[in-house]
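Asks: Structure incoming, see below.
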Amino acid sequence: FTALFGDTLLTKDGDKRTKDVLSGCQAVGIYFAAQWCVPCRALTTQLAKNFTDHLESKGMRIVFVSSERDDISFKECFSEMPWVALPFGRQDLKAALISKYGVSGIPSFVILDPSGGTITKDGRAEVLKDPRSCIHLGACSQVGTH
């Protein structure tokens, strides 16, 4: 995952090595969003609940990729999220992720398997369809089963 996110991710306790943060996870969600985006705020609320109630305990990790306009807005938005983030200054990595996964708008939620393979590029629809989110996905049924 270091190739995707760089050497460090931002946690609530500061920067941590990506390989340590994502070590042993069963799936990784990449959450593209911003606080100024009304649909993002609604999805963030639902995804955060699903994450703390179900997904985190089943081995899923989520990395927030911000579309905020400045670092202050990024920090405010990230403070409301229970997961880690791509550091705001890593716009190069953000651009590479957007290109790699074909993200054309926000919110967008891509789900990867433990080896970095794509499970779905439309995790947003899954979060909205089922309150337990990714748990029911056929391709994501591996979450929590290892």
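Labeling convention for the structure tokens: chains A, B, ... as they appear, residues from 1 per chain, ligands from 1 in order of appearance.
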Could you name the residues that touch range 6-9 of chain A at 9 Å or less, counting only C-alpha atoms, but leaving out those on the same chain fewer than 5 positions away, as a compact mmCIF listing (two decimals) with N, CA, C and O atoms, in the first residue's frame?
Replies:
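In the end it all went to out-v7.txt:
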# COMPACT_ATOMS: atom_id res chain seq x y z
N PHE A 1 0.81 -1.21 0.00
CA PHE A 1 0.00 0.00 0.00
C PHE A 1 0.85 1.28 0.00
O PHE A 1 0.34 2.36 -0.26
N GLY A 14 -1.01 11.60 14.78
CA GLY A 14 0.05 12.13 13.92
C GLY A 14 0.40 11.16 12.81
O GLY A 14 -0.29 10.17 12.58
N ASP A 15 1.49 11.45 12.12
CA ASP A 15 1.93 10.61 11.01
C ASP A 15 2.43 9.26 11.51
O ASP A 15 3.16 9.18 12.49
N LYS A 16 2.00 8.21 10.80
CA LYS A 16 2.44 6.83 11.09
C LYS A 16 2.81 6.18 9.77
O LYS A 16 2.28 6.53 8.71
N ARG A 17 3.68 5.20 9.85
CA ARG A 17 4.09 4.50 8.63
C ARG A 17 2.91 3.75 8.03
O ARG A 17 2.18 3.04 8.72
N THR A 18 2.73 3.92 6.73
CA THR A 18 1.61 3.30 6.02
C THR A 18 1.59 1.80 6.24
O THR A 18 0.53 1.22 6.51
N LYS A 19 2.74 1.16 6.13
CA LYS A 19 2.76 -0.29 6.27
C LYS A 19 2.33 -0.73 7.66
O LYS A 19 1.73 -1.78 7.81
N VAL A 21 0.15 1.06 9.65
CA VAL A 21 -1.27 1.40 9.78
C VAL A 21 -2.16 0.36 9.08
O VAL A 21 -3.21 -0.02 9.59
N VAL A 63 -8.92 5.03 4.22
CA VAL A 63 -8.00 6.15 4.03
C VAL A 63 -8.79 7.28 3.37
O VAL A 63 -9.32 7.12 2.27
N VAL A 84 -7.98 7.00 9.03
CA VAL A 84 -6.74 7.70 8.72
C VAL A 84 -6.90 8.50 7.43
O VAL A 84 -7.92 8.37 6.74
N ALA A 85 -5.90 9.31 7.12
CA ALA A 85 -5.99 10.16 5.93
C ALA A 85 -4.66 10.23 5.19
O ALA A 85 -3.59 10.12 5.80
N LEU A 86 -4.76 10.43 3.90
CA LEU A 86 -3.60 10.80 3.10
C LEU A 86 -3.25 12.23 3.52
O LEU A 86 -4.15 13.08 3.59
N PRO A 87 -1.99 12.51 3.86
CA PRO A 87 -1.65 13.88 4.26
C PRO A 87 -2.09 14.89 3.19
O PRO A 87 -1.94 14.64 1.99
N ARG A 90 0.00 15.89 0.09
CA ARG A 90 0.38 14.89 -0.92
C ARG A 90 -0.59 14.90 -2.10
O ARG A 90 -1.21 13.91 -2.46
N LEU A 93 0.01 12.24 -4.80
CA LEU A 93 -0.58 10.93 -4.57
C LEU A 93 -2.09 10.96 -4.78
O LEU A 93 -2.66 10.01 -5.32
Asks: Would you kindly return, as a ChimeraX atom specification, each protein, DNA or RNA residue with an atom no farther than 12 Å from any atom of Gly105 in chain A, considering only C-alpha atoms and excluding same-chain residues fewer than 2 positions away?
Replies: /A:31-34,37,39-40,66-67,98-99,101-103,107-109,122,124
Asks: Could the residues in this selection be written to a file with N, CA and C atoms, as a PDB file, in the first residue's frame?
Replies:
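For reference, again32.pdb as written:
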ATOM      1  N   TYR A  31     -11.541   6.707   0.581  1.00  0.00           N
ATOM      2  CA  TYR A  31     -12.709   7.578   0.633  1.00  0.00           C
ATOM      3  C   TYR A  31     -12.348   8.975   0.137  1.00  0.00           C
ATOM      4  N   PHE A  32     -12.830   9.321  -1.047  1.00  0.00           N
ATOM      5  CA  PHE A  32     -12.609  10.629  -1.656  1.00  0.00           C
ATOM      6  C   PHE A  32     -13.789  11.514  -1.273  1.00  0.00           C
ATOM      7  N   ALA A  33     -13.524  12.610  -0.557  1.00  0.00           N
ATOM      8  CA  ALA A  33     -14.625  13.442  -0.069  1.00  0.00           C
ATOM      9  C   ALA A  33     -14.120  14.818   0.341  1.00  0.00           C
ATOM     10  N   ALA A  34     -15.077  15.697   0.689  1.00  0.00           N
ATOM     11  CA  ALA A  34     -14.783  17.030   1.214  1.00  0.00           C
ATOM     12  C   ALA A  34     -15.973  17.493   2.040  1.00  0.00           C
ATOM     13  N   CYS A  37     -18.934  19.477   0.384  1.00  0.00           N
ATOM     14  CA  CYS A  37     -19.802  18.693  -0.492  1.00  0.00           C
ATOM     15  C   CYS A  37     -20.941  18.089   0.342  1.00  0.00           C
ATOM     16  N   PRO A  39     -23.440  15.886  -0.361  1.00  0.00           N
ATOM     17  CA  PRO A  39     -23.542  14.423  -0.379  1.00  0.00           C
ATOM     18  C   PRO A  39     -22.402  13.741   0.392  1.00  0.00           C
ATOM     19  N   CYS A  40     -21.232  14.375   0.417  1.00  0.00           N
ATOM     20  CA  CYS A  40     -20.108  13.810   1.179  1.00  0.00           C
ATOM     21  C   CYS A  40     -20.406  13.809   2.675  1.00  0.00           C
ATOM     22  N   SER A  66      -8.674  13.811   0.686  1.00  0.00           N
ATOM     23  CA  SER A  66      -9.428  15.054   0.776  1.00  0.00           C
ATOM     24  C   SER A  66      -9.473  15.854  -0.522  1.00  0.00           C
ATOM     25  N   SER A  67     -10.638  16.443  -0.755  1.00  0.00           N
ATOM     26  CA  SER A  67     -10.790  17.433  -1.814  1.00  0.00           C
ATOM     27  C   SER A  67     -11.054  18.810  -1.206  1.00  0.00           C
ATOM     28  N   ILE A  98      -6.763   9.287  -8.003  1.00  0.00           N
ATOM     29  CA  ILE A  98      -7.922   9.676  -8.806  1.00  0.00           C
ATOM     30  C   ILE A  98      -7.805   9.083 -10.205  1.00  0.00           C
ATOM     31  N   SER A  99      -6.622   9.171 -10.775  1.00  0.00           N
ATOM     32  CA  SER A  99      -6.389   8.633 -12.109  1.00  0.00           C
ATOM     33  C   SER A  99      -6.496   7.109 -12.127  1.00  0.00           C
ATOM     34  N   TYR A 101      -8.072   5.018 -10.190  1.00  0.00           N
ATOM     35  CA  TYR A 101      -9.396   4.457  -9.929  1.00  0.00           C
ATOM     36  C   TYR A 101     -10.514   5.156 -10.696  1.00  0.00           C
ATOM     37  N   GLY A 102     -10.176   6.070 -11.577  1.00  0.00           N
ATOM     38  CA  GLY A 102     -11.178   6.711 -12.423  1.00  0.00           C
ATOM     39  C   GLY A 102     -12.197   7.532 -11.656  1.00  0.00           C
ATOM     40  N   VAL A 103     -11.764   8.182 -10.595  1.00  0.00           N
ATOM     41  CA  VAL A 103     -12.681   8.986  -9.784  1.00  0.00           C
ATOM     42  C   VAL A 103     -13.023  10.267 -10.548  1.00  0.00           C
ATOM     43  N   PRO A 107     -18.867  12.335  -3.378  1.00  0.00           N
ATOM     44  CA  PRO A 107     -18.023  11.346  -2.712  1.00  0.00           C
ATOM     45  C   PRO A 107     -17.806  10.112  -3.588  1.00  0.00           C
ATOM     46  N   SER A 108     -16.682   9.487  -3.371  1.00  0.00           N
ATOM     47  CA  SER A 108     -16.354   8.238  -4.047  1.00  0.00           C
ATOM     48  C   SER A 108     -15.671   7.329  -3.038  1.00  0.00           C
ATOM     49  N   PHE A 109     -15.978   6.039  -3.104  1.00  0.00           N
ATOM     50  CA  PHE A 109     -15.442   5.090  -2.128  1.00  0.00           C
ATOM     51  C   PHE A 109     -15.005   3.828  -2.863  1.00  0.00           C
ATOM     52  N   ASP A 122     -17.261   1.276  -6.676  1.00  0.00           N
ATOM     53  CA  ASP A 122     -18.541   1.884  -6.323  1.00  0.00           C
ATOM     54  C   ASP A 122     -18.968   1.506  -4.912  1.00  0.00           C
ATOM     55  N   ARG A 124     -19.510   3.492  -2.626  1.00  0.00           N
ATOM     56  CA  ARG A 124     -20.511   4.471  -2.198  1.00  0.00           C
ATOM     57  C   ARG A 124     -21.911   3.892  -2.315  1.00  0.00           C
TER      58      ARG A 124
END
Asks: Measuring between only C-alpha atoms, which one of A:Thr120, A:Thr11, A:Thr2, A:Gln35 shows the shortest distance to Ile72 in chain A?
Replies: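 Of the candidates, the smallest distance to Ile72 in chain A is held by A:Gln35.
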Asks: Find the spatial neighbours of Arg61 in chain A, counting only C-alpha atoms, within a cut-off of 9 Å - ignore same-chain residues fewer than 3 positions away - and output them as a PyMOL selection string.
Replies: chain A and resi 21-22+25-30+51+55-56+83-84
Asks: Determine, counting only C-alpha atoms, which protein, DNA and RNA residues have an atom within 10 Å of an atom of Trp36 in chain A; residues of the same chain fewer than 5 positions away are not included. Present the result as a list in words.
Replies: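 In the requested format, the answer is Arg41, Ser67, Glu68, Arg69, Ser73 and Cys77 of chain A.
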Asks: Dump N, CA, C and O atoms for the selected residues as a PDB file, in the first residue's frame?
Replies:
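Printed below is again30.pdb as written:
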ATOM      1  N   ARG A  41     -20.980  14.905   3.166  1.00  0.00           N
ATOM      2  CA  ARG A  41     -21.276  14.974   4.600  1.00  0.00           C
ATOM      3  C   ARG A  41     -22.245  13.870   5.003  1.00  0.00           C
ATOM      4  O   ARG A  41     -22.077  13.222   6.040  1.00  0.00           O
ATOM      5  N   SER A  67     -10.638  16.443  -0.755  1.00  0.00           N
ATOM      6  CA  SER A  67     -10.790  17.433  -1.814  1.00  0.00           C
ATOM      7  C   SER A  67     -11.054  18.810  -1.206  1.00  0.00           C
ATOM      8  O   SER A  67     -11.650  19.681  -1.845  1.00  0.00           O
ATOM      9  N   GLU A  68     -10.617  18.998   0.015  1.00  0.00           N
ATOM     10  CA  GLU A  68     -10.761  20.303   0.659  1.00  0.00           C
ATOM     11  C   GLU A  68      -9.888  21.321  -0.057  1.00  0.00           C
ATOM     12  O   GLU A  68      -8.920  20.971  -0.735  1.00  0.00           O
ATOM     13  N   ARG A  69     -10.214  22.584   0.117  1.00  0.00           N
ATOM     14  CA  ARG A  69      -9.502  23.648  -0.585  1.00  0.00           C
ATOM     15  C   ARG A  69      -8.255  24.131   0.158  1.00  0.00           C
ATOM     16  O   ARG A  69      -7.388  24.765  -0.437  1.00  0.00           O
ATOM     17  N   SER A  73      -9.409  23.529   6.400  1.00  0.00           N
ATOM     18  CA  SER A  73     -10.652  22.803   6.109  1.00  0.00           C
ATOM     19  C   SER A  73     -10.416  21.301   6.167  1.00  0.00           C
ATOM     20  O   SER A  73     -11.265  20.545   6.650  1.00  0.00           O
ATOM     21  N   CYS A  77     -12.414  18.739   8.664  1.00  0.00           N
ATOM     22  CA  CYS A  77     -13.141  17.587   8.113  1.00  0.00           C
ATOM     23  C   CYS A  77     -12.607  16.279   8.692  1.00  0.00           C
ATOM     24  O   CYS A  77     -13.371  15.428   9.152  1.00  0.00           O
TER      25      CYS A  77
END
Asks: Please identify the strand (DSSP E or B) residues within chain A (assignment by DSSP from backbone atoms) and present them as a short mmCIF file (atom, residue, chain, number, x, y, z; two decimals) with N, CA and C atoms, in the first residue's frame.
Replies:
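Printed below is selection.cif as written:
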data_model
loop_
_atom_site.label_atom_id
_atom_site.label_comp_id
_atom_site.auth_asym_id
_atom_site.auth_seq_id
_atom_site.Cartn_x
_atom_site.Cartn_y
_atom_site.Cartn_z
N THR A 8 3.82 7.53 4.68
CA THR A 8 3.10 7.81 5.93
C THR A 8 1.65 8.18 5.65
N LEU A 9 0.80 7.85 6.63
CA LEU A 9 -0.59 8.27 6.65
C LEU A 9 -0.81 9.08 7.92
N LEU A 10 -1.77 9.98 7.88
CA LEU A 10 -2.10 10.80 9.04
C LEU A 10 -3.12 10.06 9.90
N THR A 11 -2.77 9.86 11.16
CA THR A 11 -3.70 9.26 12.13
C THR A 11 -4.08 10.33 13.14
N GLY A 14 -1.01 11.60 14.78
CA GLY A 14 0.05 12.13 13.92
C GLY A 14 0.40 11.16 12.81
N ASP A 15 1.49 11.45 12.12
CA ASP A 15 1.93 10.61 11.01
C ASP A 15 2.43 9.26 11.51
N LYS A 16 2.00 8.21 10.80
CA LYS A 16 2.44 6.83 11.09
C LYS A 16 2.81 6.18 9.77
N ARG A 17 3.68 5.20 9.85
CA ARG A 17 4.09 4.50 8.63
C ARG A 17 2.91 3.75 8.03
N ALA A 27 -9.36 -5.44 4.21
CA ALA A 27 -9.78 -4.61 3.08
C ALA A 27 -9.41 -3.17 3.41
N VAL A 28 -9.18 -2.39 2.35
CA VAL A 28 -8.88 -0.97 2.52
C VAL A 28 -9.85 -0.17 1.65
N GLY A 29 -10.54 0.76 2.29
CA GLY A 29 -11.40 1.68 1.57
C GLY A 29 -10.66 2.98 1.33
N ILE A 30 -10.79 3.51 0.13
CA ILE A 30 -10.24 4.83 -0.18
C ILE A 30 -11.43 5.76 -0.33
N TYR A 31 -11.54 6.71 0.58
CA TYR A 31 -12.71 7.58 0.63
C TYR A 31 -12.35 8.97 0.14
N PHE A 32 -12.83 9.32 -1.05
CA PHE A 32 -12.61 10.63 -1.66
C PHE A 32 -13.79 11.51 -1.27
N ALA A 33 -13.52 12.61 -0.56
CA ALA A 33 -14.62 13.44 -0.07
C ALA A 33 -14.12 14.82 0.34
N MET A 60 -11.37 -3.97 8.27
CA MET A 60 -11.32 -2.96 7.22
C MET A 60 -10.65 -1.70 7.74
N ARG A 61 -9.87 -1.06 6.89
CA ARG A 61 -9.29 0.24 7.17
C ARG A 61 -9.74 1.19 6.08
N ILE A 62 -9.88 2.46 6.41
CA ILE A 62 -10.29 3.46 5.43
C ILE A 62 -9.27 4.59 5.43
N VAL A 63 -8.92 5.03 4.22
CA VAL A 63 -8.00 6.15 4.03
C VAL A 63 -8.79 7.28 3.37
N PHE A 64 -8.86 8.41 4.04
CA PHE A 64 -9.53 9.60 3.52
C PHE A 64 -8.60 10.34 2.57
N VAL A 65 -9.10 10.64 1.37
CA VAL A 65 -8.38 11.44 0.39
C VAL A 65 -9.20 12.71 0.20
N SER A 66 -8.67 13.81 0.69
CA SER A 66 -9.43 15.05 0.78
C SER A 66 -9.47 15.85 -0.52
N VAL A 84 -7.98 7.00 9.03
CA VAL A 84 -6.74 7.70 8.72
C VAL A 84 -6.90 8.50 7.43
N ALA A 85 -5.90 9.31 7.12
CA ALA A 85 -5.99 10.16 5.93
C ALA A 85 -4.66 10.23 5.19
N SER A 108 -16.68 9.49 -3.37
CA SER A 108 -16.35 8.24 -4.05
C SER A 108 -15.67 7.33 -3.04
N PHE A 109 -15.98 6.04 -3.10
CA PHE A 109 -15.44 5.09 -2.13
C PHE A 109 -15.00 3.83 -2.86
N VAL A 110 -13.70 3.64 -2.95
CA VAL A 110 -13.10 2.50 -3.62
C VAL A 110 -12.70 1.50 -2.54
N ILE A 111 -12.96 0.21 -2.76
CA ILE A 111 -12.59 -0.81 -1.79
C ILE A 111 -11.58 -1.76 -2.41
N LEU A 112 -10.47 -1.96 -1.70
CA LEU A 112 -9.39 -2.81 -2.15
C LEU A 112 -9.26 -4.04 -1.27
N THR A 118 -8.53 -4.31 -6.69
CA THR A 118 -9.81 -3.61 -6.58
C THR A 118 -10.95 -4.59 -6.36
N ILE A 119 -11.69 -4.39 -5.27
CA ILE A 119 -12.92 -5.14 -5.01
C ILE A 119 -14.08 -4.42 -5.71
N THR A 120 -14.19 -3.11 -5.48
CA THR A 120 -15.21 -2.31 -6.16
C THR A 120 -14.77 -0.86 -6.20
#
Asks: Quick one: distance from CA of Gly117 in chain A to CA of Lys75 in chain A in Å, one decimal?
Replies: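 If I compute the distance from CA of Gly117 in chain A to CA of Lys75 in chain A, I get 29.1 Å.
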